[in-house]
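A.B. asks: Okay, here's the structure, questions in a sec.
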Amino acid sequence: MPAPDGRFAPSPTGTLHLGNLRTALLAWLFARSADARFLVRMEDLDTGRVRERFYDEQLRDLAAIGLDWDGPVVCQSERLALYADAVDRLRADGLVYECWCTRAEIREAASAPHGDLPEGAYPGTCLRLTAAERAEREASGRPPALRVRAGAETVAFEDRLAGAVTGVVDDFVVRRNDGAYAYNLAVVVDDAEQGIGEVVRGADLLDSTPRQLWLGARLGLAAPRHAHVPLMLGPDGTRLAKRHGAVTLADRGALGESPDDVRAYLAASVGLAEPTERVSAADLVERFSEDLLAAPAKAA
Ligand SMILES: [Zn+2]
């Protein structure tokens with residue numbers, strides 16, 4: 001059986017920082033060390049935050065540290081018909097409902113305990129509207145978001161790095177009230193449609209995975225394997241961010257570091273190289289083993 005294809009799916013909303021680049025490098029290593037295909041997809045549905053210049057810049061930075069990919073880079077903004085079709089199928093199965101709640105209403109409702117649902121989860125307010133309440137909201141002219149009807153179902157899966165994971169699925173949004181398809185919907189549709197067999201991404205997305213597996217199963221899609229890699233941390237122990245200083249390839253270049261230096265630094269931060277060693281991307285493919293990530297070294 002061929003190895004499952006992998007991918008990296010950035011949002012063109014800013015310059016990739018070292019944490020993003022390390023996640024990309026690891027996703028690439030998972031795929032290339034197994035002789036699998038590696039795809040890049042631009043997650044550009046949040047049109048308010050997307051900036052044209054970051055598409056090319058992000059691809060340039062990935063290539064600069066030695067990553068390559070198969071086939072054309074696809075953009076979610078060009079795949080709206082696929083997401084619309086998925087929503088139609090969910091609707092036909094009675095699995096979505098309209099939600100008119102404002103952010104403030106959701107915050108207030110979610111702060112009360114609701115059985116098995118995780119803290120902050122949407123408690124299903126709009127699923128229980130009376131006919132009069134519903135008519136009032138429909139007449140308001142405020143466009144509704146669409147939520148799935150998940151009924152607090154529990155989903156369990158085995159993450160290649162995090163181990164056994166269990167999550168309760170809340171009634172999450174699949175189409176926002178501004179009409180934009182939600183990340184959780186698009187990612188599931190795209191990974192299946194592109195034949196992605198293994199999703200390697202940052203550990204910050206581990207909590208979203210039960211939702212995505214639930215949705216994929218409802219849409220009759222094959223579930224990919226998952227490996228959630230550790231996030232890169234700043235010197236203060238919090239997730240690496242712009243405020244930590246020189247965190248982009250350009251920033252590091254200004255300090256005299258080449259993309260090869262940055263790749264070596266990223267590799268050393270996960271135990272794939274000695275801190276002062278210079279290694280090619282091909283060397284890393286030879287060395288890579290997911291076991292190395294089981295006890296990740298701290299970012300320098
Ligand atoms: Zn609602």
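The chains in the structure tokens are called A, B, ... from first to last as shown; in each chain the residues are counted from 1, and the ligands are counted from 1 in the order shown.
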Mind listing the residues within 6 Å of ligand 1, only C-alpha atoms and all ligand atoms counted, as a tab-separated table (two decimals) with N, CA and C atoms, in the first residue's frame?
C.D. replies:
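File written: result.tsv
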chain	number	residue	atom	x	y	z
A	99	CYS	N	-28.34	29.43	13.17
A	99	CYS	CA	-28.07	30.03	14.47
A	99	CYS	C	-27.96	31.54	14.30
A	100	TRP	N	-28.79	32.25	15.04
A	100	TRP	CA	-28.81	33.72	14.95
A	100	TRP	C	-28.07	34.36	16.13
A	101	CYS	N	-27.48	33.56	16.99
A	101	CYS	CA	-26.88	34.11	18.21
A	101	CYS	C	-25.76	35.09	17.89
A	125	THR	N	-28.63	26.64	21.69
A	125	THR	CA	-29.75	27.56	21.92
A	125	THR	C	-30.73	27.59	20.74
A	126	CYS	N	-30.23	27.77	19.54
A	126	CYS	CA	-31.11	27.97	18.39
A	126	CYS	C	-31.77	26.68	17.90
A.B. asks: For region 152-213 of chain A against region 61-77 of chain A, with a cut-off of 12 Å and counting only C-alpha atoms, what is the closest atom pair and its distance in Å to one decimal for every residue that makes the cut, ordered by chain and number, as CSV?
C.D. replies:
residue,atom,partner,partner_atom,distance
A:Ala180,CA,A:Ser77,CA,9.7
A:Tyr181,CA,A:Gln76,CA,9.7
A:Ala182,CA,A:Gln76,CA,10.9
A:Tyr183,CA,A:Gln76,CA,9.9
A:Leu185,CA,A:Gln76,CA,11.1
A:Ala186,CA,A:Gln76,CA,7.5
A:Val187,CA,A:Gln76,CA,9.0
A:Val188,CA,A:Gln76,CA,11.7
A:Val189,CA,A:Gln76,CA,10.2
A:Asp190,CA,A:Gln76,CA,8.1
A:Asp191,CA,A:Gln76,CA,11.3
A:Glu193,CA,A:Val74,CA,11.5
A:Gln194,CA,A:Val74,CA,9.6
A.B. asks: Show me, as a tab-separated table, the residues of region 158-226 of chain A having an atom within 10 Å of region 16-25 of chain A, each with the closest atom pair and its distance in Å, using only C-alpha atoms.
C.D. replies:
residue	atom	partner	partner_atom	distance
A:Val200	CA	A:Thr23	CA	7.8
A:Arg201	CA	A:Thr23	CA	6.2
A:Gly202	CA	A:Thr23	CA	6.3
A:Ala203	CA	A:Thr23	CA	9.6
A.B. asks: Excluding region 212-220 of chain A and its own-chain neighbours fewer than 5 positions away, which residues fall within 10 Å of it when counting only C-alpha atoms? Please give them as a VMD selection string.
C.D. replies: chain A and resid 86 to 87 89 to 90 93 95 148 150 153 to 157 168 to 169 174 183 to 189 191 to 192 207
A.B. asks: Would you pick out the contacts of Arg103 (chain A) at 12 Å or less, using only C-alpha atoms, so that residues sharing its chain but fewer than 3 positions from it are not included, and give the list as a ChimeraX atom specification?
C.D. replies: /A:99-100,106-110,120,122,145,176-177
A.B. asks: When you look at Leu29 (chain A) with a cut-off of 9 Å (counting only C-alpha atoms), what residues show up, excluding the ones that are within fewer than 3 positions of it in the same chain? I need them as a list in words.
C.D. replies: Ala24, Leu25, Leu26, Arg32, Ser33, Ala34, Ala281, Leu284, Val285, Phe288 and Ser289 of chain A
A.B. asks: Restrict the selected residues to N, CA and C atoms and save them as a short mmCIF file (atom, residue, chain, number, x, y, z; two decimals), in the first residue's frame.
C.D. replies:
data_model
loop_
_atom_site.label_atom_id
_atom_site.label_comp_id
_atom_site.auth_asym_id
_atom_site.auth_seq_id
_atom_site.Cartn_x
_atom_site.Cartn_y
_atom_site.Cartn_z
N ALA A 24 5.74 22.99 8.94
CA ALA A 24 5.81 22.64 7.51
C ALA A 24 6.93 21.64 7.26
N LEU A 25 8.09 21.90 7.85
CA LEU A 25 9.24 21.00 7.68
C LEU A 25 8.89 19.60 8.19
N LEU A 26 8.23 19.53 9.35
CA LEU A 26 7.89 18.21 9.90
C LEU A 26 6.85 17.50 9.03
N ARG A 32 7.88 12.85 2.94
CA ARG A 32 9.01 12.49 2.09
C ARG A 32 9.78 11.28 2.62
N SER A 33 9.84 11.13 3.95
CA SER A 33 10.57 9.97 4.49
C SER A 33 9.79 8.69 4.21
N ALA A 34 8.52 8.81 3.87
CA ALA A 34 7.71 7.63 3.52
C ALA A 34 7.49 7.55 2.01
N ALA A 281 18.07 19.46 3.44
CA ALA A 281 16.73 18.89 3.59
C ALA A 281 16.77 17.39 3.30
N LEU A 284 17.91 15.43 6.22
CA LEU A 284 16.86 15.31 7.24
C LEU A 284 15.87 14.21 6.89
N VAL A 285 15.58 14.05 5.59
CA VAL A 285 14.68 12.98 5.17
C VAL A 285 15.27 11.63 5.59
N PHE A 288 14.99 11.31 9.49
CA PHE A 288 13.72 11.53 10.17
C PHE A 288 13.08 10.26 10.70
N SER A 289 12.60 10.35 11.90
CA SER A 289 11.78 9.29 12.47
C SER A 289 10.79 9.96 13.41
#
A.B. asks: Give me the residues near Ala112 (chain A) as a list in words, where near means some atom within 10 Å (using only C-alpha atoms) and where sequence neighbours in that chain fewer than 6 positions away do not count.
C.D. replies: Glu119, Gly120, Ala121 and Pro123 of chain A
A.B. asks: Apply DSSP to the backbone of this structure and, from region 30-279 of chain A, keep only the residues in strand (DSSP E or B); write these as a ChimeraX atom specification.
C.D. replies: /A:38-42,74-75,96-99,145-148,154-159,163-168,173-175,181,196,198-202,225-229,233,239,248
A.B. asks: Output C-alpha atoms for every residue in that selection, as a PDB file, in the first residue's frame.
C.D. replies:
ATOM      1  CA  PHE A  38       3.286  16.325  -0.264  1.00  0.00           C
ATOM      2  CA  LEU A  39       0.746  19.015  -1.185  1.00  0.00           C
ATOM      3  CA  VAL A  40       0.404  22.671  -0.280  1.00  0.00           C
ATOM      4  CA  ARG A  41      -3.005  24.276   0.087  1.00  0.00           C
ATOM      5  CA  MET A  42      -3.792  27.910   0.826  1.00  0.00           C
ATOM      6  CA  VAL A  74      -4.761  24.880  -4.486  1.00  0.00           C
ATOM      7  CA  CYS A  75      -6.629  27.776  -2.872  1.00  0.00           C
ATOM      8  CA  VAL A  96     -27.401  21.501  10.166  1.00  0.00           C
ATOM      9  CA  TYR A  97     -29.487  24.278  11.672  1.00  0.00           C
ATOM     10  CA  GLU A  98     -29.529  28.056  11.589  1.00  0.00           C
ATOM     11  CA  CYS A  99     -28.070  30.032  14.469  1.00  0.00           C
ATOM     12  CA  ALA A 145     -24.759  31.048  10.734  1.00  0.00           C
ATOM     13  CA  LEU A 146     -25.144  27.330  10.056  1.00  0.00           C
ATOM     14  CA  ARG A 147     -24.227  24.868  12.780  1.00  0.00           C
ATOM     15  CA  VAL A 148     -24.057  21.109  12.767  1.00  0.00           C
ATOM     16  CA  THR A 154     -17.981  11.604  21.655  1.00  0.00           C
ATOM     17  CA  VAL A 155     -15.256  10.910  19.102  1.00  0.00           C
ATOM     18  CA  ALA A 156     -12.069   8.997  19.905  1.00  0.00           C
ATOM     19  CA  PHE A 157      -8.998   8.590  17.727  1.00  0.00           C
ATOM     20  CA  GLU A 158      -5.357   7.649  17.931  1.00  0.00           C
ATOM     21  CA  ASP A 159      -2.949  10.479  17.199  1.00  0.00           C
ATOM     22  CA  GLY A 163      -1.702   9.047  21.537  1.00  0.00           C
ATOM     23  CA  ALA A 164      -5.321   8.303  22.403  1.00  0.00           C
ATOM     24  CA  VAL A 165      -7.528  11.391  22.157  1.00  0.00           C
ATOM     25  CA  THR A 166     -11.215  11.685  23.025  1.00  0.00           C
ATOM     26  CA  GLY A 167     -13.376  14.733  22.436  1.00  0.00           C
ATOM     27  CA  VAL A 168     -17.018  15.740  22.737  1.00  0.00           C
ATOM     28  CA  VAL A 173     -20.296  26.411  12.789  1.00  0.00           C
ATOM     29  CA  VAL A 174     -19.858  25.182   9.211  1.00  0.00           C
ATOM     30  CA  ARG A 175     -20.901  28.420   7.507  1.00  0.00           C
ATOM     31  CA  TYR A 181     -17.402  28.492   4.999  1.00  0.00           C
ATOM     32  CA  ILE A 196      -4.628  13.366   2.031  1.00  0.00           C
ATOM     33  CA  GLU A 198      -2.020  11.829   6.908  1.00  0.00           C
ATOM     34  CA  VAL A 199      -2.619  15.229   8.472  1.00  0.00           C
ATOM     35  CA  VAL A 200       0.505  16.562  10.181  1.00  0.00           C
ATOM     36  CA  ARG A 201      -0.093  19.937  11.831  1.00  0.00           C
ATOM     37  CA  GLY A 202       0.427  21.946  15.000  1.00  0.00           C
ATOM     38  CA  ARG A 225      -4.437   9.638  10.151  1.00  0.00           C
ATOM     39  CA  HIS A 226      -3.258  12.474  12.364  1.00  0.00           C
ATOM     40  CA  ALA A 227       0.022  13.550  13.880  1.00  0.00           C
ATOM     41  CA  HIS A 228      -0.102  16.777  15.901  1.00  0.00           C
ATOM     42  CA  VAL A 229       3.392  18.136  16.286  1.00  0.00           C
ATOM     43  CA  LEU A 233       7.708  28.150  22.010  1.00  0.00           C
ATOM     44  CA  ARG A 239       3.698  29.880  21.775  1.00  0.00           C
ATOM     45  CA  THR A 248      10.553  35.165  10.298  1.00  0.00           C
TER      46      THR A 248
END
A.B. asks: Enter the distance from CA of Glu138 (chain A) to CA of Pro118 (chain A), in Å, rounded to one decimal.
C.D. replies: 28.9 Å
A.B. asks: Which residue is closest to Arg211 (chain A)? Choose from A:Lys242, A:Arg7, A:Arg149, A:Arg142 and count only C-alpha atoms.
C.D. replies: A:Arg149
A.B. asks: Using only C-alpha atoms, which protein or nucleic acid residues come within 12 Å of Ser269 (chain A)? Drop anything in the same chain fewer than 3 positions from it, and give the result as a PyMOL selection string.
C.D. replies: chain A and resi 18-19+22-23+25-26+230-234+262-266+272-277+292-293+295-300
A.B. asks: Interatomic distance between CA of Glu136 (chain A) and CA of Phe172 (chain A)?
C.D. replies: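 Distance reported for this atom pair: 22.9 Å.
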A.B. asks: Go through A:Thr47, A:Thr15, A:Gln58, A:Thr209 and flag the residue nearest Val247 (chain A), using only C-alpha atoms for the distances.
C.D. replies: A:Thr15
